[in-house]
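For reference, the structure discussed in these notes is given below.
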Amino acid sequence: MSGGAAVAPPDVKLTLVENSPPRVGTVRFPYRGWLIDLDGTVYLGERLLPGAREAVAALRAAGRRVAFLSNKPLQTRADYADKLTRLGVPASADEVVNSSLVLARHLRDLDPGAPVFVIGEPPMIAEMRAHGFEVRDDARVRWVAIAFDRTFSYAKLDTALQAVKRGARLIATNPDRTCPVEGGEIPDCAGMIAAVEAVTDRRVEAIVGKPSPIILEVALRVLGVPAADTVIVGDRLETDIAMGRRSGLRTILVLSGVTRGGDPRIAEAAPDHVLGSIAEIIG
Ligand SMILES: [Mg+2]
């Protein structure tokens with residue numbers, strides 16, 4: 001990573017008239033690092049958003065550093081890279097930062113090789129093992145790592161309780177209450193966190209996914225670009241934009257996901273730029 005001269009921020013604020021069609025390929029930005037949210041920004045479920053492929057290709061052609069961010073610990077980084085590649089945005093696993101990677105890297109800094117009980121699915125467990133942790137299925141651990149787990153059970157809750165009674169500490173991947181799926185939503189990691197906190201009477205020490213600055217620290221390291229030269233692109237004000245602003249990144253809100261153009265909270269969140277979609281970016 002080189003120090004490099006900071007890129008001067010553009011002094012023009014972009015605004016978008018609600019419901020105007022996206023202006024494809026119209027905006028060029030000077031930022032060297034690009035952290036790009038996935039769902040609602042690059043794709044919606046299994047559908048690539050129009051122009052996303054061209055925008056990412058243009059950024060890369062302009063020599064920008066690009067990494068993709070997701071709070072979901074359900075798949076491996078390789079799975080996300082495969083999905084992006086399949087949908088038309090070629091990506092490698094080391095360009096993807098998700099909350100299981102962030103938890104593993106963060107905990108490796110705090111307590112490398114520790115014995116850990118994981119409330120999570122196989123890709124989460126594999127990530128912990130790949131980072132050198134001793135993943136155990138009993139309570140003889142120093143940490144209980146809590147993730148979005150569709151196989152959460154009374155037995156896991158009991159193991160977490162017994163582990164905490166023996167002195168184990170709590171850490172979690174992501175704070176999301178629900179996860180949007182085709183046709184609705186399903187319980188996400190907040191449910192597992194609440195259950196463990198309720199029975200142990202302890203609070204998790206960190207929730208590493210968005211909007212925590214911890215995910216940005218890991219992502220900036222992956223990117224190799226300082227915060228001041230980096231922009232985050234996302235569709236959620238309370239995570240992508242709030243987190244980016246708190247950590248000194250530039251922020252681009254896209255209106256292709258959960259945030260609507262007329263939302264009064266946009267002015268309050270004050271993203272640096274508002275675009276109809278990622279399709280407007282040309283590098
Ligand atoms: Mg999103």
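As shown in the structure tokens, the chain order sets the letters A, B, ...; within each chain, residues go from 1, and ligands are also counted from 1 in the order they appear.
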List all protein, DNA and RNA residues that have an atom no more than 10 Å from any atom of ligand 1, counting only C-alpha atoms and all ligand atoms, and report them as a JSON list (two decimals) with C-alpha atoms, in the first residue's frame.
[["chain", "number", "residue", "atom", "x", "y", "z"],
["A", 36, "ILE", "CA", -19.33, -2.13, -3.38],
["A", 37, "ASP", "CA", -22.31, -3.60, -1.54],
["A", 38, "LEU", "CA", -23.85, -6.62, -3.29],
["A", 39, "ASP", "CA", -27.59, -7.08, -2.72],
["A", 40, "GLY", "CA", -29.52, -4.06, -3.97],
["A", 41, "THR", "CA", -26.39, -2.56, -5.52],
["A", 42, "VAL", "CA", -24.91, -5.14, -7.89],
["A", 43, "TYR", "CA", -27.71, -7.68, -7.94],
["A", 44, "LEU", "CA", -31.18, -8.31, -6.54],
["A", 69, "LEU", "CA", -19.08, -6.30, 0.72],
["A", 70, "SER", "CA", -21.78, -8.52, 2.21],
["A", 71, "ASN", "CA", -23.08, -9.05, 5.73],
["A", 233, "VAL", "CA", -21.40, 2.26, -2.78],
["A", 234, "GLY", "CA", -24.57, 0.86, -1.24],
["A", 235, "ASP", "CA", -28.35, 0.95, -1.08],
["A", 236, "ARG", "CA", -28.87, 1.11, 2.72],
["A", 237, "LEU", "CA", -28.61, 4.42, 4.60],
["A", 239, "THR", "CA", -25.49, 0.54, 7.18],
["A", 240, "ASP", "CA", -23.56, 1.37, 4.00],
["A", 254, "VAL", "CA", -27.80, 3.97, -5.05],
["A", 256, "SER", "CA", -31.69, 0.45, -6.92],
["A", 257, "GLY", "CA", -32.31, -1.39, -3.62],
["A", 258, "VAL", "CA", -34.14, -0.70, -0.37],
["A", 259, "THR", "CA", -33.96, 3.13, -0.36]]
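DSSP, applied to the backbone of this structure, assigns strand (DSSP E or B) to the following residues of region 7-133 of chain A: Leu14, Val27, Gly33, Trp34, Leu35, Ile36, Asp37, Asp39, Tyr43, Leu44, Arg47, Leu48, Arg65, Val66, Ala67, Phe68, Leu69, Ser70, Val96, Val97, Asn98, Pro115, Val116, Phe117, Val118 and Ile119 of chain A.
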Spatial neighbours of Phe152 (chain A), 12 Å, only C-alpha atoms, chain gap at least 6 places, as an mmCIF file with C-alpha atoms, in the first residue's frame:
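Below is the file selection29.cif, written as the result:
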data_model
loop_
_atom_site.group_PDB
_atom_site.id
_atom_site.type_symbol
_atom_site.label_atom_id
_atom_site.label_comp_id
_atom_site.auth_asym_id
_atom_site.auth_seq_id
_atom_site.Cartn_x
_atom_site.Cartn_y
_atom_site.Cartn_z
ATOM 1 C CA VAL A 118 -19.619 -21.641 16.429
ATOM 2 C CA ILE A 119 -23.336 -21.055 16.081
ATOM 3 C CA GLY A 120 -23.300 -21.045 12.321
ATOM 4 C CA GLU A 121 -23.500 -23.050 9.131
ATOM 5 C CA ILE A 146 -22.646 -16.304 16.694
ATOM 6 C CA ASP A 158 -27.336 -24.838 25.747
ATOM 7 C CA THR A 159 -23.711 -25.243 24.645
ATOM 8 C CA ALA A 160 -23.413 -21.447 24.394
ATOM 9 C CA PRO A 187 -34.936 -14.663 10.645
ATOM 10 C CA ASP A 188 -31.315 -13.502 10.539
ATOM 11 C CA CYS A 189 -28.447 -13.298 13.040
ATOM 12 C CA GLY A 191 -32.427 -13.778 16.477
ATOM 13 C CA MET A 192 -29.464 -15.985 17.391
ATOM 14 C CA ILE A 193 -27.755 -13.077 19.198
ATOM 15 C CA ALA A 195 -31.424 -15.859 22.236
ATOM 16 C CA VAL A 196 -27.836 -16.274 23.455
#
Quiz item: Please, which residues of region 4-229 of chain A, numbered as in this document, come out helix (DSSP H, G or I) from DSSP, as a PyMOL selection string?
Solution: chain A and resi 52-61+77-87+93-95+99-110+122-130+154-165+189-200+213-223+227-229
Please, could you write that set of residues out with C-alpha atoms as a PDB file, in the first residue's frame?
ATOM      1  CA  ALA A  52     -23.612  -3.317 -13.051  1.00  0.00           C
ATOM      2  CA  ARG A  53     -21.332  -5.398 -15.231  1.00  0.00           C
ATOM      3  CA  GLU A  54     -20.299  -2.384 -17.335  1.00  0.00           C
ATOM      4  CA  ALA A  55     -19.772  -0.146 -14.298  1.00  0.00           C
ATOM      5  CA  VAL A  56     -17.470  -2.611 -12.522  1.00  0.00           C
ATOM      6  CA  ALA A  57     -15.581  -3.250 -15.780  1.00  0.00           C
ATOM      7  CA  ALA A  58     -15.145   0.505 -16.275  1.00  0.00           C
ATOM      8  CA  LEU A  59     -13.800   0.945 -12.746  1.00  0.00           C
ATOM      9  CA  ARG A  60     -11.296  -1.836 -13.259  1.00  0.00           C
ATOM     10  CA  ALA A  61     -10.296  -0.489 -16.677  1.00  0.00           C
ATOM     11  CA  ARG A  77     -16.290 -15.843  -0.344  1.00  0.00           C
ATOM     12  CA  ALA A  78     -15.692 -18.293  -3.205  1.00  0.00           C
ATOM     13  CA  ASP A  79     -19.471 -18.823  -3.468  1.00  0.00           C
ATOM     14  CA  TYR A  80     -20.038 -15.057  -3.780  1.00  0.00           C
ATOM     15  CA  ALA A  81     -17.249 -14.782  -6.349  1.00  0.00           C
ATOM     16  CA  ASP A  82     -18.808 -17.659  -8.319  1.00  0.00           C
ATOM     17  CA  LYS A  83     -22.214 -15.982  -8.205  1.00  0.00           C
ATOM     18  CA  LEU A  84     -20.811 -12.648  -9.382  1.00  0.00           C
ATOM     19  CA  THR A  85     -18.885 -14.348 -12.163  1.00  0.00           C
ATOM     20  CA  ARG A  86     -21.946 -16.371 -13.197  1.00  0.00           C
ATOM     21  CA  LEU A  87     -24.060 -13.198 -13.332  1.00  0.00           C
ATOM     22  CA  ALA A  93     -12.744 -14.907  -3.679  1.00  0.00           C
ATOM     23  CA  ASP A  94     -10.148 -12.452  -2.395  1.00  0.00           C
ATOM     24  CA  GLU A  95     -12.206  -9.533  -3.741  1.00  0.00           C
ATOM     25  CA  SER A  99     -19.059 -11.064   7.813  1.00  0.00           C
ATOM     26  CA  SER A 100     -17.665 -14.566   8.409  1.00  0.00           C
ATOM     27  CA  LEU A 101     -14.290 -13.508   6.960  1.00  0.00           C
ATOM     28  CA  VAL A 102     -14.372 -10.332   9.050  1.00  0.00           C
ATOM     29  CA  LEU A 103     -15.181 -12.190  12.265  1.00  0.00           C
ATOM     30  CA  ALA A 104     -12.390 -14.718  11.611  1.00  0.00           C
ATOM     31  CA  ARG A 105      -9.805 -11.998  10.855  1.00  0.00           C
ATOM     32  CA  HIS A 106     -10.864  -9.830  13.784  1.00  0.00           C
ATOM     33  CA  LEU A 107     -10.801 -12.698  16.271  1.00  0.00           C
ATOM     34  CA  ARG A 108      -7.458 -13.881  14.894  1.00  0.00           C
ATOM     35  CA  ASP A 109      -6.059 -10.471  15.879  1.00  0.00           C
ATOM     36  CA  LEU A 110      -7.606 -10.742  19.364  1.00  0.00           C
ATOM     37  CA  PRO A 122     -20.693 -25.082   7.497  1.00  0.00           C
ATOM     38  CA  PRO A 123     -19.165 -22.184   5.426  1.00  0.00           C
ATOM     39  CA  MET A 124     -18.815 -20.118   8.638  1.00  0.00           C
ATOM     40  CA  ILE A 125     -17.184 -23.053  10.439  1.00  0.00           C
ATOM     41  CA  ALA A 126     -14.853 -23.619   7.474  1.00  0.00           C
ATOM     42  CA  GLU A 127     -13.792 -19.961   7.532  1.00  0.00           C
ATOM     43  CA  MET A 128     -12.948 -20.192  11.254  1.00  0.00           C
ATOM     44  CA  ARG A 129     -10.909 -23.351  10.704  1.00  0.00           C
ATOM     45  CA  ALA A 130      -9.132 -21.766   7.732  1.00  0.00           C
ATOM     46  CA  TYR A 154     -31.810 -25.747  21.716  1.00  0.00           C
ATOM     47  CA  ALA A 155     -28.645 -27.874  21.907  1.00  0.00           C
ATOM     48  CA  LYS A 156     -26.533 -25.039  20.461  1.00  0.00           C
ATOM     49  CA  LEU A 157     -28.131 -22.532  22.828  1.00  0.00           C
ATOM     50  CA  ASP A 158     -27.336 -24.838  25.747  1.00  0.00           C
ATOM     51  CA  THR A 159     -23.711 -25.243  24.645  1.00  0.00           C
ATOM     52  CA  ALA A 160     -23.413 -21.447  24.394  1.00  0.00           C
ATOM     53  CA  LEU A 161     -24.803 -21.060  27.921  1.00  0.00           C
ATOM     54  CA  GLN A 162     -22.444 -23.670  29.385  1.00  0.00           C
ATOM     55  CA  ALA A 163     -19.499 -22.071  27.552  1.00  0.00           C
ATOM     56  CA  VAL A 164     -20.296 -18.627  28.942  1.00  0.00           C
ATOM     57  CA  LYS A 165     -20.658 -20.083  32.442  1.00  0.00           C
ATOM     58  CA  CYS A 189     -28.447 -13.298  13.040  1.00  0.00           C
ATOM     59  CA  ALA A 190     -30.210 -10.862  15.412  1.00  0.00           C
ATOM     60  CA  GLY A 191     -32.427 -13.778  16.477  1.00  0.00           C
ATOM     61  CA  MET A 192     -29.464 -15.985  17.391  1.00  0.00           C
ATOM     62  CA  ILE A 193     -27.755 -13.077  19.198  1.00  0.00           C
ATOM     63  CA  ALA A 194     -30.901 -12.240  21.192  1.00  0.00           C
ATOM     64  CA  ALA A 195     -31.424 -15.859  22.236  1.00  0.00           C
ATOM     65  CA  VAL A 196     -27.836 -16.274  23.455  1.00  0.00           C
ATOM     66  CA  GLU A 197     -27.822 -12.901  25.216  1.00  0.00           C
ATOM     67  CA  ALA A 198     -31.135 -13.684  26.909  1.00  0.00           C
ATOM     68  CA  VAL A 199     -30.067 -16.998  28.392  1.00  0.00           C
ATOM     69  CA  THR A 200     -26.485 -15.994  29.274  1.00  0.00           C
ATOM     70  CA  PRO A 213     -16.144  -0.107  11.472  1.00  0.00           C
ATOM     71  CA  ILE A 214     -14.519  -3.538  11.860  1.00  0.00           C
ATOM     72  CA  ILE A 215     -15.798  -4.720   8.451  1.00  0.00           C
ATOM     73  CA  LEU A 216     -14.410  -1.547   6.893  1.00  0.00           C
ATOM     74  CA  GLU A 217     -10.990  -2.058   8.508  1.00  0.00           C
ATOM     75  CA  VAL A 218     -10.807  -5.556   7.016  1.00  0.00           C
ATOM     76  CA  ALA A 219     -12.142  -4.366   3.652  1.00  0.00           C
ATOM     77  CA  LEU A 220      -9.645  -1.493   3.432  1.00  0.00           C
ATOM     78  CA  ARG A 221      -6.825  -3.935   4.150  1.00  0.00           C
ATOM     79  CA  VAL A 222      -8.103  -6.205   1.369  1.00  0.00           C
ATOM     80  CA  LEU A 223      -8.339  -3.196  -0.930  1.00  0.00           C
ATOM     81  CA  ALA A 227     -10.110   5.340   3.806  1.00  0.00           C
ATOM     82  CA  ALA A 228      -9.610   8.880   2.483  1.00  0.00           C
ATOM     83  CA  ASP A 229      -9.155   7.557  -1.089  1.00  0.00           C
TER      84      ASP A 229
END
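Nearest residue to Glu205 (chain A), choosing from A:Ala67, A:Ala145, A:Ile252, A:Ile232 and counting only C-alpha atoms: A:Ala145.
Between Ile241 (chain A) and the residues A:Ala91, A:Pro211, A:Glu182, A:Gly224, the shortest atom-to-atom distance, using only C-alpha atoms, involves A:Pro211.
Here CA of Pro90 (chain A) and CA of Ile281 (chain A) stand 17.4 Å from one another.
Of the listed residues (A:Leu255, A:Pro264, A:Ala269, A:Gly184), A:Gly184 comes nearest to Gly45 (chain A); the distances count only C-alpha atoms.
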Exercise. Find, counting only C-alpha atoms, the residue in A:Asp138, A:Glu238, A:Asp111, A:Glu280 that gets nearest to Arg265 (chain A).
Key: A:Glu238
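Put simply, CA of Ala62 (chain A) is 11.8 Å away from CA of Trp34 (chain A).
Between Leu35 (chain A) and the residues A:Ala139, A:Val181, A:Leu249, A:Ile207, the shortest atom-to-atom distance, using only C-alpha atoms, involves A:Leu249.
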